[in-house]
>>> print(open('protein_7.txt').read())   # compact mmCIF, C-alpha atoms
# COMPACT_ATOMS: atom_id res chain seq x y z
CA MET F 1 129.47 115.78 121.21
CA ALA F 2 128.32 112.19 120.60
CA ASP F 3 128.72 111.35 124.31
CA GLN F 4 126.74 114.44 125.29
CA GLN F 5 123.93 113.51 122.88
CA ALA F 6 123.83 110.00 124.33
CA ILE F 7 123.55 111.41 127.86
CA GLN F 8 120.75 113.73 126.78
CA ARG F 9 118.84 110.85 125.19
CA ARG F 10 119.21 108.73 128.32
CA GLU F 11 117.91 111.62 130.41
CA PHE F 12 115.00 112.01 127.98
CA LEU F 13 114.20 108.30 128.31
CA GLU F 14 114.31 108.51 132.09
CA SER F 15 112.06 111.57 132.08
CA LEU F 16 109.49 109.59 130.09
CA GLY F 17 109.77 106.52 132.31
CA ILE F 18 111.78 104.69 129.64
CA GLY F 19 109.64 104.99 126.54
CA ALA F 20 106.64 106.58 128.26
CA ALA F 21 105.55 103.08 129.20
CA GLY F 22 103.21 104.41 131.86
CA LEU F 23 101.18 106.02 129.10
CA ILE F 24 101.36 103.42 126.38
CA THR F 25 101.22 100.00 127.97
CA ALA F 26 98.13 98.19 129.12
CA GLY F 27 97.81 95.24 131.45
CA TYR F 28 99.24 92.07 129.89
CA SER F 29 98.00 88.69 131.01
CA ALA F 30 101.16 86.72 130.19
CA THR F 31 102.10 84.40 133.00
CA ALA F 32 105.78 84.21 132.07
CA VAL F 33 108.11 85.47 134.76
CA GLY F 34 109.71 88.84 134.04
CA TYR F 35 113.38 89.81 134.14
CA PRO F 36 114.78 91.77 137.10
CA ALA F 37 115.88 95.28 136.23
CA ASN F 38 119.52 94.46 136.97
CA GLU F 39 119.57 91.30 134.84
CA THR F 40 121.16 91.53 131.40
CA LEU F 41 118.88 90.76 128.47
CA THR F 42 120.62 88.95 125.62
CA VAL F 43 119.39 89.92 122.17
CA GLY F 44 120.01 88.44 118.72
CA LEU F 45 119.76 90.46 115.50
CA LEU F 46 118.14 88.78 112.50
CA GLY F 47 118.98 90.85 109.43
CA THR F 48 121.81 93.35 109.88
CA GLY F 49 121.44 95.63 106.86
CA GLY F 50 121.28 99.41 106.81
CA ARG F 51 118.24 99.81 109.05
CA CYS F 52 119.69 97.56 111.74
CA ILE F 53 123.24 98.90 111.65
CA GLY F 54 122.24 102.52 111.20
CA ALA F 55 119.45 102.77 113.76
CA LEU F 56 118.35 99.70 115.70
CA LEU F 57 121.71 98.39 116.88
CA PRO F 58 123.02 101.80 118.06
CA ALA F 59 119.75 102.42 119.91
CA LEU F 60 119.85 99.03 121.62
CA LYS F 61 123.38 99.74 122.81
CA GLU F 62 122.11 102.87 124.56
CA ILE F 63 119.56 100.95 126.63
CA PRO F 64 121.07 99.74 129.91
CA GLY F 65 121.22 96.00 130.54
CA VAL F 66 121.06 94.86 126.90
CA LYS F 67 123.73 92.63 125.34
CA ILE F 68 123.94 91.94 121.59
CA ALA F 69 124.76 88.24 121.82
CA ALA F 70 124.13 87.08 118.23
CA VAL F 71 124.03 88.54 114.72
CA CYS F 72 122.66 86.95 111.57
CA ASP F 73 122.59 88.01 107.94
CA VAL F 74 122.71 86.25 104.57
CA TRP F 75 125.45 88.57 103.23
CA ASP F 76 129.03 88.44 104.48
CA ALA F 77 129.43 92.24 104.25
CA HIS F 78 126.47 92.92 106.55
CA LEU F 79 127.44 90.13 108.91
CA GLU F 80 130.99 91.37 109.35
CA ARG F 81 129.85 94.92 109.99
CA ALA F 82 127.41 93.78 112.67
CA LYS F 83 130.01 91.56 114.35
CA GLY F 84 132.15 94.63 114.87
CA GLN F 85 129.41 96.34 116.89
CA ALA F 86 128.09 93.36 118.85
CA ASP F 87 129.48 91.77 122.00
CA PRO F 88 132.96 90.33 121.32
CA SER F 89 131.69 86.83 122.10
CA ALA F 90 128.56 87.15 119.94
CA LEU F 91 127.53 84.31 117.66
CA ALA F 92 127.69 85.26 113.95
CA THR F 93 125.79 83.11 111.46
CA LYS F 94 123.95 83.19 108.14
CA ASN F 95 121.27 80.82 109.48
CA PHE F 96 118.71 82.53 111.73
CA GLN F 97 117.61 79.20 113.19
CA GLU F 98 121.04 78.89 114.83
CA VAL F 99 120.27 82.08 116.76
CA LEU F 100 116.87 80.78 117.85
CA ASP F 101 118.47 77.52 119.00
CA GLN F 102 120.67 79.39 121.51
CA LYS F 103 119.11 78.88 124.94
CA ASP F 104 120.81 81.98 126.34
CA ILE F 105 119.18 84.34 123.80
CA ASP F 106 116.19 86.05 125.42
CA ALA F 107 114.87 88.06 122.49
CA VAL F 108 115.46 88.90 118.84
CA VAL F 109 115.22 91.98 116.66
CA ILE F 110 114.03 91.17 113.14
CA ALA F 111 115.16 93.61 110.45
CA SER F 112 115.02 91.26 107.48
CA PRO F 113 113.21 91.97 104.19
CA ASP F 114 109.43 92.02 104.54
CA HIS F 115 108.74 88.51 103.23
CA TRP F 116 110.69 87.06 106.18
CA HIS F 117 108.99 89.08 108.95
CA VAL F 118 106.17 86.68 109.81
CA PRO F 119 108.10 83.41 109.31
CA MET F 120 110.88 84.67 111.58
CA THR F 121 108.42 86.08 114.13
CA VAL F 122 106.52 82.80 114.36
CA ALA F 123 109.72 80.76 114.62
CA ALA F 124 111.13 83.09 117.28
CA CYS F 125 107.96 83.00 119.40
CA ASP F 126 107.82 79.22 119.13
CA ALA F 127 111.45 79.12 120.30
CA GLY F 128 110.50 81.11 123.40
CA LYS F 129 112.03 84.44 122.29
CA ASP F 130 110.43 87.85 122.61
CA VAL F 131 110.41 89.78 119.33
CA TYR F 132 110.91 93.26 117.96
CA VAL F 133 110.03 93.13 114.25
CA GLU F 134 110.28 95.94 111.75
CA LYS F 135 107.19 97.08 109.93
CA PRO F 136 105.35 96.04 107.86
CA LEU F 137 104.59 92.99 109.94
CA THR F 138 103.07 91.11 107.01
CA HIS F 139 104.01 90.62 103.37
CA ASP F 140 100.69 88.99 102.53
CA LEU F 141 97.19 89.71 103.80
CA ALA F 142 96.76 86.15 105.06
CA GLU F 143 99.85 86.18 107.31
CA GLY F 144 98.66 88.40 110.13
CA GLN F 145 96.78 85.82 112.15
CA ALA F 146 99.78 83.46 112.22
CA ALA F 147 101.89 86.15 113.89
CA ILE F 148 99.13 87.00 116.39
CA ASP F 149 98.59 83.34 117.23
CA ALA F 150 102.32 82.72 117.75
CA GLN F 151 102.56 85.75 120.04
CA ASN F 152 99.59 84.69 122.14
CA ARG F 153 100.18 80.94 122.09
CA ASN F 154 103.69 81.39 123.45
CA GLN F 155 102.88 84.44 125.62
CA ARG F 156 105.66 86.42 123.98
CA ILE F 157 106.18 90.17 123.90
CA VAL F 158 106.03 91.19 120.24
CA GLN F 159 106.62 94.81 119.27
CA VAL F 160 106.16 95.95 115.66
CA GLY F 161 108.40 98.83 114.57
CA MET F 162 105.70 101.46 114.16
CA GLN F 163 107.57 104.08 116.18
CA GLN F 164 104.86 106.73 116.25
CA ARG F 165 103.16 104.80 119.06
CA SER F 166 106.09 105.67 121.35
CA MET F 167 106.54 109.32 120.32
CA PRO F 168 105.46 112.01 122.80
CA GLN F 169 103.46 114.16 120.38
CA PHE F 170 101.41 111.18 119.13
CA LEU F 171 100.69 110.04 122.69
CA LYS F 172 99.78 113.54 123.86
CA ALA F 173 97.57 114.24 120.84
CA TYR F 174 95.65 111.02 121.39
CA GLU F 175 95.12 111.56 125.11
CA GLU F 176 94.48 115.31 125.08
CA VAL F 177 92.96 116.07 121.68
CA VAL F 178 91.35 113.04 120.05
CA LYS F 179 89.97 111.09 123.02
CA PRO F 180 88.26 114.16 124.58
CA GLY F 181 86.57 114.83 121.23
CA LYS F 182 88.16 118.23 120.59
CA LEU F 183 88.18 117.66 116.83
CA GLY F 184 84.48 116.83 116.62
CA LYS F 185 83.33 113.98 114.41
CA ILE F 186 86.15 112.87 112.09
CA HIS F 187 85.09 111.78 108.60
CA LYS F 188 88.32 112.24 106.63
CA VAL F 189 92.00 111.51 107.24
CA HIS F 190 94.76 112.61 104.87
CA LEU F 191 98.16 110.87 104.87
CA THR F 192 101.25 111.75 102.85
CA TRP F 193 104.77 110.41 102.48
CA ASN F 194 106.43 112.36 99.68
CA ARG F 195 110.13 112.48 98.87
CA ASN F 196 112.22 113.89 96.04
CA ALA F 197 114.75 111.11 95.69
CA PRO F 198 117.49 110.57 93.11
CA ILE F 199 116.38 107.56 91.09
CA GLY F 200 118.72 106.10 88.50
CA GLY F 201 118.73 102.92 86.49
CA ARG F 202 119.80 99.48 87.58
CA GLY F 203 123.04 100.38 89.32
CA LYS F 204 125.98 98.01 89.57
CA TYR F 205 127.06 96.96 93.07
CA GLY F 206 129.77 94.43 92.30
CA ILE F 207 128.47 91.91 94.86
CA ASP F 208 130.15 88.52 94.67
CA PRO F 209 127.30 85.95 94.66
CA LYS F 210 129.50 83.62 96.70
CA THR F 211 129.22 86.06 99.65
CA VAL F 212 125.40 85.83 99.70
CA ASP F 213 123.20 82.95 100.82
CA TRP F 214 120.73 83.64 98.02
CA LYS F 215 118.52 80.65 98.81
CA GLY F 216 118.36 81.86 102.39
CA PHE F 217 117.38 85.33 101.18
CA LEU F 218 114.63 83.98 98.92
CA GLY F 219 113.03 81.80 101.58
CA GLN F 220 109.47 81.07 100.44
CA ALA F 221 109.68 83.50 97.50
CA LYS F 222 109.72 81.97 94.04
CA ASP F 223 113.06 80.59 92.89
CA GLN F 224 115.02 83.00 90.69
CA PRO F 225 118.64 83.68 89.72
CA PHE F 226 120.79 85.89 91.93
CA ASP F 227 120.12 89.55 91.12
CA GLU F 228 122.22 92.07 93.03
CA PHE F 229 119.86 94.94 92.20
CA ARG F 230 116.84 93.13 93.62
CA PHE F 231 118.93 92.06 96.58
CA ARG F 232 119.83 95.66 97.42
CA ASN F 233 116.46 97.19 96.43
CA TRP F 234 114.08 94.50 97.59
CA ARG F 235 111.38 96.93 98.84
CA TRP F 236 110.38 97.73 95.26
CA PHE F 237 109.86 94.12 94.10
CA TRP F 238 106.67 92.22 94.86
CA ASP F 239 108.39 88.97 95.89
CA PHE F 240 110.07 90.70 98.83
CA GLY F 241 108.26 93.98 99.59
CA GLY F 242 105.13 95.96 98.81
CA GLY F 243 106.36 99.36 97.65
CA ILE F 244 105.33 102.70 99.09
CA LEU F 245 102.08 101.46 100.67
CA THR F 246 103.68 98.81 102.90
CA ASP F 247 106.99 100.59 103.39
CA LEU F 248 105.70 104.07 104.26
CA MET F 249 101.90 104.32 104.45
CA VAL F 250 101.82 101.65 107.16
CA HIS F 251 103.46 104.05 109.64
CA PHE F 252 100.66 106.61 109.46
CA ILE F 253 97.69 104.37 108.67
CA ASP F 254 98.58 102.67 111.95
CA VAL F 255 98.05 105.98 113.76
CA ALA F 256 94.67 106.39 112.07
CA HIS F 257 93.65 102.89 113.14
CA TRP F 258 94.90 103.54 116.68
CA TYR F 259 93.19 106.91 117.12
CA LEU F 260 89.88 105.95 115.50
CA GLY F 261 89.60 102.30 116.56
CA LEU F 262 89.76 100.96 112.99
CA ASP F 263 90.88 97.54 111.80
CA HIS F 264 90.49 97.32 108.01
CA PRO F 265 88.84 99.22 105.16
CA SER F 266 85.91 97.77 103.26
CA THR F 267 87.13 99.04 99.89
CA ALA F 268 90.25 100.50 98.28
CA VAL F 269 90.79 102.35 95.01
CA THR F 270 94.37 102.96 93.88
CA ILE F 271 96.28 104.51 91.01
CA GLY F 272 100.04 104.19 90.60
CA ASP F 273 102.66 105.07 87.99
CA HIS F 274 106.29 104.49 87.09
CA PHE F 275 107.24 108.01 86.09
CA ALA F 276 110.95 107.51 86.81
CA THR F 277 111.26 103.77 87.47
CA ARG F 278 109.69 102.00 84.50
CA GLY F 279 111.69 98.85 83.85
CA VAL F 280 113.64 99.40 87.08
CA TRP F 281 111.16 98.84 89.93
CA GLU F 282 108.09 96.62 89.95
CA THR F 283 106.21 98.77 92.48
CA PRO F 284 105.19 102.31 91.43
CA ASP F 285 107.20 105.40 92.35
CA THR F 286 104.03 107.50 92.65
CA ILE F 287 100.81 106.16 94.16
CA GLN F 288 97.49 107.33 95.60
CA THR F 289 94.90 105.23 97.38
CA ILE F 290 91.49 106.00 98.85
CA LEU F 291 90.21 103.75 101.64
CA GLN F 292 86.62 103.54 102.82
CA TYR F 293 85.51 102.56 106.34
CA PRO F 294 81.71 102.86 106.05
CA ASP F 295 80.85 101.39 109.45
CA GLN F 296 82.87 104.14 111.10
CA GLU F 297 81.89 106.77 108.50
CA VAL F 298 85.52 107.50 107.65
CA GLN F 299 87.46 107.96 104.42
CA ILE F 300 91.26 107.84 104.40
CA TYR F 301 93.33 109.18 101.51
CA PHE F 302 97.05 108.48 101.08
CA GLU F 303 99.48 109.95 98.57
CA GLY F 304 103.12 108.99 98.17
CA THR F 305 105.81 109.80 95.62
CA PHE F 306 109.58 109.82 95.21
CA LEU F 307 109.47 112.72 92.75
CA ASN F 308 108.35 115.70 94.86
CA ALA F 309 108.60 116.44 98.58
CA ARG F 310 105.58 118.74 98.98
CA ASN F 311 103.80 117.98 102.31
CA ALA F 312 106.57 115.42 103.00
CA ALA F 313 105.54 112.94 105.74
CA MET F 314 102.44 113.93 107.71
CA LEU F 315 98.85 113.07 108.55
CA GLU F 316 95.78 115.16 109.22
CA PHE F 317 92.60 114.19 111.06
CA MET F 318 89.87 116.41 109.64
CA GLY F 319 87.04 116.83 112.16
CA ARG F 320 83.90 118.95 112.15
CA ASP F 321 85.42 121.28 114.75
CA ALA F 322 89.15 121.19 114.02
CA THR F 323 91.96 119.51 112.09
CA LEU F 324 94.82 117.77 113.86
CA TYR F 325 98.13 117.87 111.98
CA LEU F 326 100.84 115.39 113.04
CA ASP F 327 104.35 114.57 111.93
CA ARG F 328 107.47 113.16 113.57
CA GLY F 329 108.28 116.45 115.27
CA ARG F 330 104.99 118.07 116.32
CA TYR F 331 101.27 118.30 116.40
CA GLU F 332 99.11 121.29 115.54
CA VAL F 333 95.39 121.83 116.09
CA HIS F 334 93.77 124.09 113.48
CA PRO F 335 90.20 125.00 114.48
CA GLU F 336 87.39 125.47 111.99
CA ARG F 337 86.09 129.04 111.76
CA GLY F 338 84.60 130.16 115.06
CA LYS F 339 85.49 126.87 116.81
CA GLY F 340 88.33 127.90 119.13
CA ALA F 341 92.01 128.78 119.06
CA TYR F 342 95.08 127.26 117.39
CA SER F 343 97.32 125.12 119.61
CA GLU F 344 100.46 123.07 119.14
CA PHE F 345 102.97 120.78 120.84
CA VAL F 346 106.45 120.73 119.30
CA PRO F 347 108.95 118.46 121.10
CA GLY F 348 111.01 118.20 117.92
CA LYS F 349 113.16 120.80 116.22
CA GLY F 350 113.15 119.72 112.58
CA GLY F 351 111.06 121.22 109.81
CA ARG F 352 107.49 120.26 109.09
CA GLY F 353 107.12 116.78 107.65
CA ALA F 354 110.64 115.51 108.28
CA ASP F 355 111.08 111.73 108.02
CA PHE F 356 113.07 111.78 111.26
CA ASP F 357 113.34 114.63 113.74
CA PRO F 358 116.83 115.11 115.21
CA ASN F 359 115.41 115.94 118.63
CA ILE F 360 113.26 112.81 119.01
CA ASN F 361 114.95 109.43 118.67
CA CYS F 362 111.75 107.57 117.94
CA GLY F 363 113.57 104.29 117.35
CA LEU F 364 115.20 104.47 120.77
CA LEU F 365 111.89 105.26 122.48
CA HIS F 366 110.12 102.38 120.76
CA LEU F 367 112.87 99.86 121.50
CA ALA F 368 113.01 101.06 125.10
CA ASN F 369 109.28 100.47 125.46
CA TRP F 370 109.75 96.94 124.13
CA ILE F 371 112.65 96.20 126.50
CA GLU F 372 110.69 97.49 129.48
CA CYS F 373 107.69 95.36 128.48
CA VAL F 374 109.94 92.31 128.06
CA ARG F 375 111.22 92.84 131.60
CA GLY F 376 107.78 93.39 133.10
CA ARG F 377 105.77 91.07 130.80
CA LYS F 378 103.48 93.93 129.80
CA ARG F 379 101.70 94.54 126.53
CA PRO F 380 103.90 96.81 124.36
CA SER F 381 102.70 99.85 122.46
CA ALA F 382 102.55 98.09 119.05
CA PRO F 383 101.78 94.37 119.50
CA ALA F 384 101.21 91.92 116.66
CA GLU F 385 97.50 92.78 116.49
CA ALA F 386 98.32 96.41 115.69
CA GLY F 387 100.98 95.40 113.18
CA ALA F 388 98.61 93.10 111.32
CA SER F 389 95.83 95.69 111.29
CA ALA F 390 98.06 98.44 109.86
CA CYS F 391 99.06 96.21 106.95
CA LYS F 392 95.51 95.43 105.87
CA PRO F 393 94.87 98.77 104.07
CA ALA F 394 98.28 98.56 102.39
CA HIS F 395 97.67 95.08 101.02
CA LEU F 396 94.14 95.98 99.93
CA GLY F 397 95.46 99.14 98.26
CA ASN F 398 98.14 97.15 96.42
CA ARG F 399 95.52 94.63 95.31
CA ALA F 400 93.47 97.50 93.83
CA TYR F 401 96.55 98.79 92.00
CA LEU F 402 97.55 95.40 90.59
CA THR F 403 94.04 94.50 89.40
CA GLY F 404 93.01 97.96 88.25
CA GLN F 405 89.71 97.43 90.07
CA THR F 406 88.12 98.42 93.36
CA ALA F 407 89.41 95.98 95.95
CA ARG F 408 86.87 94.79 98.50
CA TRP F 409 87.46 93.25 101.90
CA MET F 410 86.47 89.59 101.68
CA MET F 411 88.11 88.00 104.75
>>> encode(input="protein_7.txt", output="structure tokens")
Amino acid sequence: MADQQAIQRREFLESLGIGAAGLITAGYSATAVGYPANETLTVGLLGTGGRCIGALLPALKEIPGVKIAAVCDVWDAHLERAKGQADPSALATKNFQEVLDQKDIDAVVIASPDHWHVPMTVAACDAGKDVYVEKPLTHDLAEGQAAIDAQNRNQRIVQVGMQQRSMPQFLKAYEEVVKPGKLGKIHKVHLTWNRNAPIGGRGKYGIDPKTVDWKGFLGQAKDQPFDEFRFRNWRWFWDFGGGILTDLMVHFIDVAHWYLGLDHPSTAVTIGDHFATRGVWETPDTIQTILQYPDQEVQIYFEGTFLNARNAAMLEFMGRDATLYLDRGRYEVHPERGKGAYSEFVPGKGGRGADFDPNINCGLLHLANWIECVRGRKRPSAPAEAGASACKPAHLGNRAYLTGQTARWMM
């Protein structure tokens, strides 16, 4: 069964021109010479935790002509697991700079905690490596330009892991619904990412501190004693992540920016609560933020919680003539009264609002687009500029939450 699924995914990739690159790439002015289609690309993995091992590494291994030549993680357990799935001769190290120093490494995939994304991206670009970096690109509002400059200065292909930009329903909706103006003027966008997740207290993991390069994990974060709970749940602590807004909202706010040509909101108002995580997480488990883009006459509203799954993960563009509903398995066009007929495109097979649709391997499509752009020196579907832009509303929203005041764009 697994072999058959792999064959089907390869056929799907081929039918889309490997990641639908013909639809989603634009001319790229890099002068670097590309890689022939029959030449093996050697890739290093920086950060080999659950996201890398469970999704990115298996997807890379399905793309022809890719060799996993190096793995890096600060924890022995993650490093050993990755070694078992990489090339037998792959370098294994706890120091990411050792990977970047390898002349035979063409590109790296960065799946580290958020606070390492930009430092690793800049270092990799400066070392002449192309980069696939997980979202959110930035951990701080001021970091975005450094990543963009490193990409452009070194003429590197940087792809940020905002997979919707490589999914067929998002591409089709943009080209056939939004661009032709079928929704009418859009003034409001609604985003949700709701889950009903089991949340306990500070669980015990039994991690031996000697197996973790804690200083390497901290990087530029403030010095602090080893804490296995923070180490395993870093997304919910401000030193390393940004909570629901950077971890989840970024995916869909990126689509809103893409479709509507937005870059950053002028103001953000946010409320957040620890209904189930007080004293456990620093970031809230339930949050709502309203973003205002007055120059474009658009409001965007996001709601996220881990305590109820109603509406799950979706976004809606609410136009004067129709509403476009999108999730990771479909799109639906719901006309206003007397404004036309309902239509839909459903390449997936999961239920409405599913985090991941079993019929669309969005990670594979997005990585395949990156690999093709690395070979052809083309602009990928989610370059550093898009990654930095998508983080701006999240950081502004978090600033509003932390200060309890309306946050205003001052940059």
>>> closest_residue(input="protein_7.txt", among="F:Gln220, F:Asn233, F:Gln97, F:Thr48", to="Tyr205 (chain F)", atoms="only C-alpha atoms")
F:Asn233
>>> residues_around(input="protein_7.txt", residues="Thr305 (chain F)", least_positions_apart="5", cutoff="10 Å", atoms="all atoms listed in the file", output="ChimeraX atom specification")
/F:192-197,244,272-273,275,284-288,310,312
>>> atom_distance(input="protein_7.txt", atom1="CA of Gly241 (chain F)", atom2="CA of Ile360 (chain F)")
27.5 Å
>>> residues_around(input="protein_7.txt", residues="Gly47 (chain F)", least_positions_apart="3", cutoff="10 Å", atoms="only C-alpha atoms", output="PyMOL selection string")
chain F and resi 44+50-53+71-75+78-79+82+94+96+109-113+116
>>> closest_residue(input="protein_7.txt", among="F:Trp370, F:Leu60, F:Leu183, F:Arg379", to="Glu316 (chain F)", atoms="only C-alpha atoms")
F:Leu183
>>> atom_distance(input="protein_7.txt", atom1="CA of Lys392 (chain F)", atom2="CA of His264 (chain F)")
5.8 Å
>>> closest_atom_pairs(input="protein_7.txt", of="region 106-177 of chain F", to="region 245-257 of chain F", cutoff="10 Å", atoms="only C-alpha atoms", output="CSV")
residue,atom,partner,partner_atom,distance
F:Asp114,CA,F:Asp247,CA,9.0
F:Lys135,CA,F:Asp247,CA,7.4
F:Pro136,CA,F:Thr246,CA,5.9
F:Leu137,CA,F:Thr246,CA,9.2
F:Thr138,CA,F:Thr246,CA,8.7
F:His139,CA,F:Thr246,CA,8.2
F:Gly161,CA,F:His251,CA,8.7
F:Met162,CA,F:His251,CA,5.7
F:Gln163,CA,F:His251,CA,7.7
F:Gln164,CA,F:His251,CA,7.3
F:Arg165,CA,F:Val255,CA,7.5
F:Phe170,CA,F:Val255,CA,8.2
F:Tyr174,CA,F:Val255,CA,9.5
>>> write_last_selection(input="protein_7.txt", atoms="C-alpha atoms", output="short mmCIF file (atom, residue, chain, number, x, y, z; two decimals), in the frame of the given file")
data_model
loop_
_atom_site.label_atom_id
_atom_site.label_comp_id
_atom_site.auth_asym_id
_atom_site.auth_seq_id
_atom_site.Cartn_x
_atom_site.Cartn_y
_atom_site.Cartn_z
CA ASP F 114 109.43 92.02 104.54
CA LYS F 135 107.19 97.08 109.93
CA PRO F 136 105.35 96.04 107.86
CA LEU F 137 104.59 92.99 109.94
CA THR F 138 103.07 91.11 107.01
CA HIS F 139 104.01 90.62 103.37
CA GLY F 161 108.40 98.83 114.57
CA MET F 162 105.70 101.46 114.16
CA GLN F 163 107.57 104.08 116.18
CA GLN F 164 104.86 106.73 116.25
CA ARG F 165 103.16 104.80 119.06
CA PHE F 170 101.41 111.18 119.13
CA TYR F 174 95.65 111.02 121.39
#
>>> closest_atom_pairs(input="protein_7.txt", of="region 150-256 of chain F", to="region 296-300 of chain F", cutoff="6 Å", atoms="only C-alpha atoms", output="tab-separated table")
residue	atom	partner	partner_atom	distance
F:His187	CA	F:Val298	CA	4.4
F:Lys188	CA	F:Gln299	CA	4.9
F:Val189	CA	F:Ile300	CA	4.7
F:His190	CA	F:Ile300	CA	5.9
>>> residues_around(input="protein_7.txt", residues="Arg330 (chain F)", least_positions_apart="4", cutoff="6 Å", atoms="only C-alpha atoms", output="PyMOL selection string")
chain F and resi 169+326+345-346
>>> build_atoms(input="protein_7.txt", residues="region 239-254 of chain F", atoms="N, CA, C and O atoms", output="PDB file, in the coordinates of the input")
ATOM      1  N   ASP F 239     108.034  90.209  95.185  1.00  0.00           N
ATOM      2  CA  ASP F 239     108.390  88.970  95.890  1.00  0.00           C
ATOM      3  C   ASP F 239     108.889  89.226  97.305  1.00  0.00           C
ATOM      4  O   ASP F 239     108.816  88.343  98.166  1.00  0.00           O
ATOM      5  N   PHE F 240     109.398  90.439  97.548  1.00  0.00           N
ATOM      6  CA  PHE F 240     110.070  90.700  98.830  1.00  0.00           C
ATOM      7  C   PHE F 240     109.468  91.871  99.607  1.00  0.00           C
ATOM      8  O   PHE F 240     109.605  91.929 100.830  1.00  0.00           O
ATOM      9  N   GLY F 241     108.819  92.805  98.924  1.00  0.00           N
ATOM     10  CA  GLY F 241     108.260  93.980  99.590  1.00  0.00           C
ATOM     11  C   GLY F 241     106.926  94.347  98.967  1.00  0.00           C
ATOM     12  O   GLY F 241     106.371  93.614  98.161  1.00  0.00           O
ATOM     13  N   GLY F 242     106.425  95.527  99.322  1.00  0.00           N
ATOM     14  CA  GLY F 242     105.130  95.960  98.810  1.00  0.00           C
ATOM     15  C   GLY F 242     105.102  97.411  98.391  1.00  0.00           C
ATOM     16  O   GLY F 242     104.042  98.025  98.313  1.00  0.00           O
ATOM     17  N   GLY F 243     106.311  97.992  98.143  1.00  0.00           N
ATOM     18  CA  GLY F 243     106.360  99.360  97.650  1.00  0.00           C
ATOM     19  C   GLY F 243     105.998 100.395  98.696  1.00  0.00           C
ATOM     20  O   GLY F 243     106.083 100.166  99.911  1.00  0.00           O
ATOM     21  N   ILE F 244     105.579 101.545  98.216  1.00  0.00           N
ATOM     22  CA  ILE F 244     105.330 102.700  99.090  1.00  0.00           C
ATOM     23  C   ILE F 244     104.238 102.415 100.110  1.00  0.00           C
ATOM     24  O   ILE F 244     104.319 102.858 101.265  1.00  0.00           O
ATOM     25  N   LEU F 245     103.202 101.666  99.738  1.00  0.00           N
ATOM     26  CA  LEU F 245     102.080 101.460 100.670  1.00  0.00           C
ATOM     27  C   LEU F 245     102.498 100.672 101.900  1.00  0.00           C
ATOM     28  O   LEU F 245     102.121 101.012 103.023  1.00  0.00           O
ATOM     29  N   THR F 246     103.270  99.589 101.723  1.00  0.00           N
ATOM     30  CA  THR F 246     103.680  98.810 102.900  1.00  0.00           C
ATOM     31  C   THR F 246     104.898  99.420 103.576  1.00  0.00           C
ATOM     32  O   THR F 246     105.047  99.321 104.793  1.00  0.00           O
ATOM     33  N   ASP F 247     105.764 100.066 102.810  1.00  0.00           N
ATOM     34  CA  ASP F 247     106.990 100.590 103.390  1.00  0.00           C
ATOM     35  C   ASP F 247     106.762 101.893 104.153  1.00  0.00           C
ATOM     36  O   ASP F 247     107.400 102.127 105.183  1.00  0.00           O
ATOM     37  N   LEU F 248     105.860 102.735 103.664  1.00  0.00           N
ATOM     38  CA  LEU F 248     105.700 104.070 104.260  1.00  0.00           C
ATOM     39  C   LEU F 248     104.283 104.335 104.771  1.00  0.00           C
ATOM     40  O   LEU F 248     104.113 104.819 105.887  1.00  0.00           O
ATOM     41  N   MET F 249     103.260 104.032 103.978  1.00  0.00           N
ATOM     42  CA  MET F 249     101.900 104.320 104.450  1.00  0.00           C
ATOM     43  C   MET F 249     101.583 103.626 105.752  1.00  0.00           C
ATOM     44  O   MET F 249     100.857 104.166 106.599  1.00  0.00           O
ATOM     45  N   VAL F 250     102.121 102.430 105.947  1.00  0.00           N
ATOM     46  CA  VAL F 250     101.820 101.650 107.160  1.00  0.00           C
ATOM     47  C   VAL F 250     102.089 102.449 108.427  1.00  0.00           C
ATOM     48  O   VAL F 250     101.344 102.352 109.407  1.00  0.00           O
ATOM     49  N   HIS F 251     103.149 103.258 108.444  1.00  0.00           N
ATOM     50  CA  HIS F 251     103.460 104.050 109.640  1.00  0.00           C
ATOM     51  C   HIS F 251     102.265 104.912 110.060  1.00  0.00           C
ATOM     52  O   HIS F 251     101.882 104.941 111.231  1.00  0.00           O
ATOM     53  N   PHE F 252     101.688 105.640 109.112  1.00  0.00           N
ATOM     54  CA  PHE F 252     100.660 106.610 109.460  1.00  0.00           C
ATOM     55  C   PHE F 252      99.251 106.020 109.449  1.00  0.00           C
ATOM     56  O   PHE F 252      98.382 106.476 110.187  1.00  0.00           O
ATOM     57  N   ILE F 253      99.010 105.006 108.610  1.00  0.00           N
ATOM     58  CA  ILE F 253      97.690 104.370 108.670  1.00  0.00           C
ATOM     59  C   ILE F 253      97.531 103.683 110.020  1.00  0.00           C
ATOM     60  O   ILE F 253      96.421 103.573 110.557  1.00  0.00           O
ATOM     61  N   ASP F 254      98.639 103.249 110.606  1.00  0.00           N
ATOM     62  CA  ASP F 254      98.580 102.670 111.950  1.00  0.00           C
ATOM     63  C   ASP F 254      98.067 103.684 112.950  1.00  0.00           C
ATOM     64  O   ASP F 254      97.269 103.359 113.834  1.00  0.00           O
TER      65      ASP F 254
END
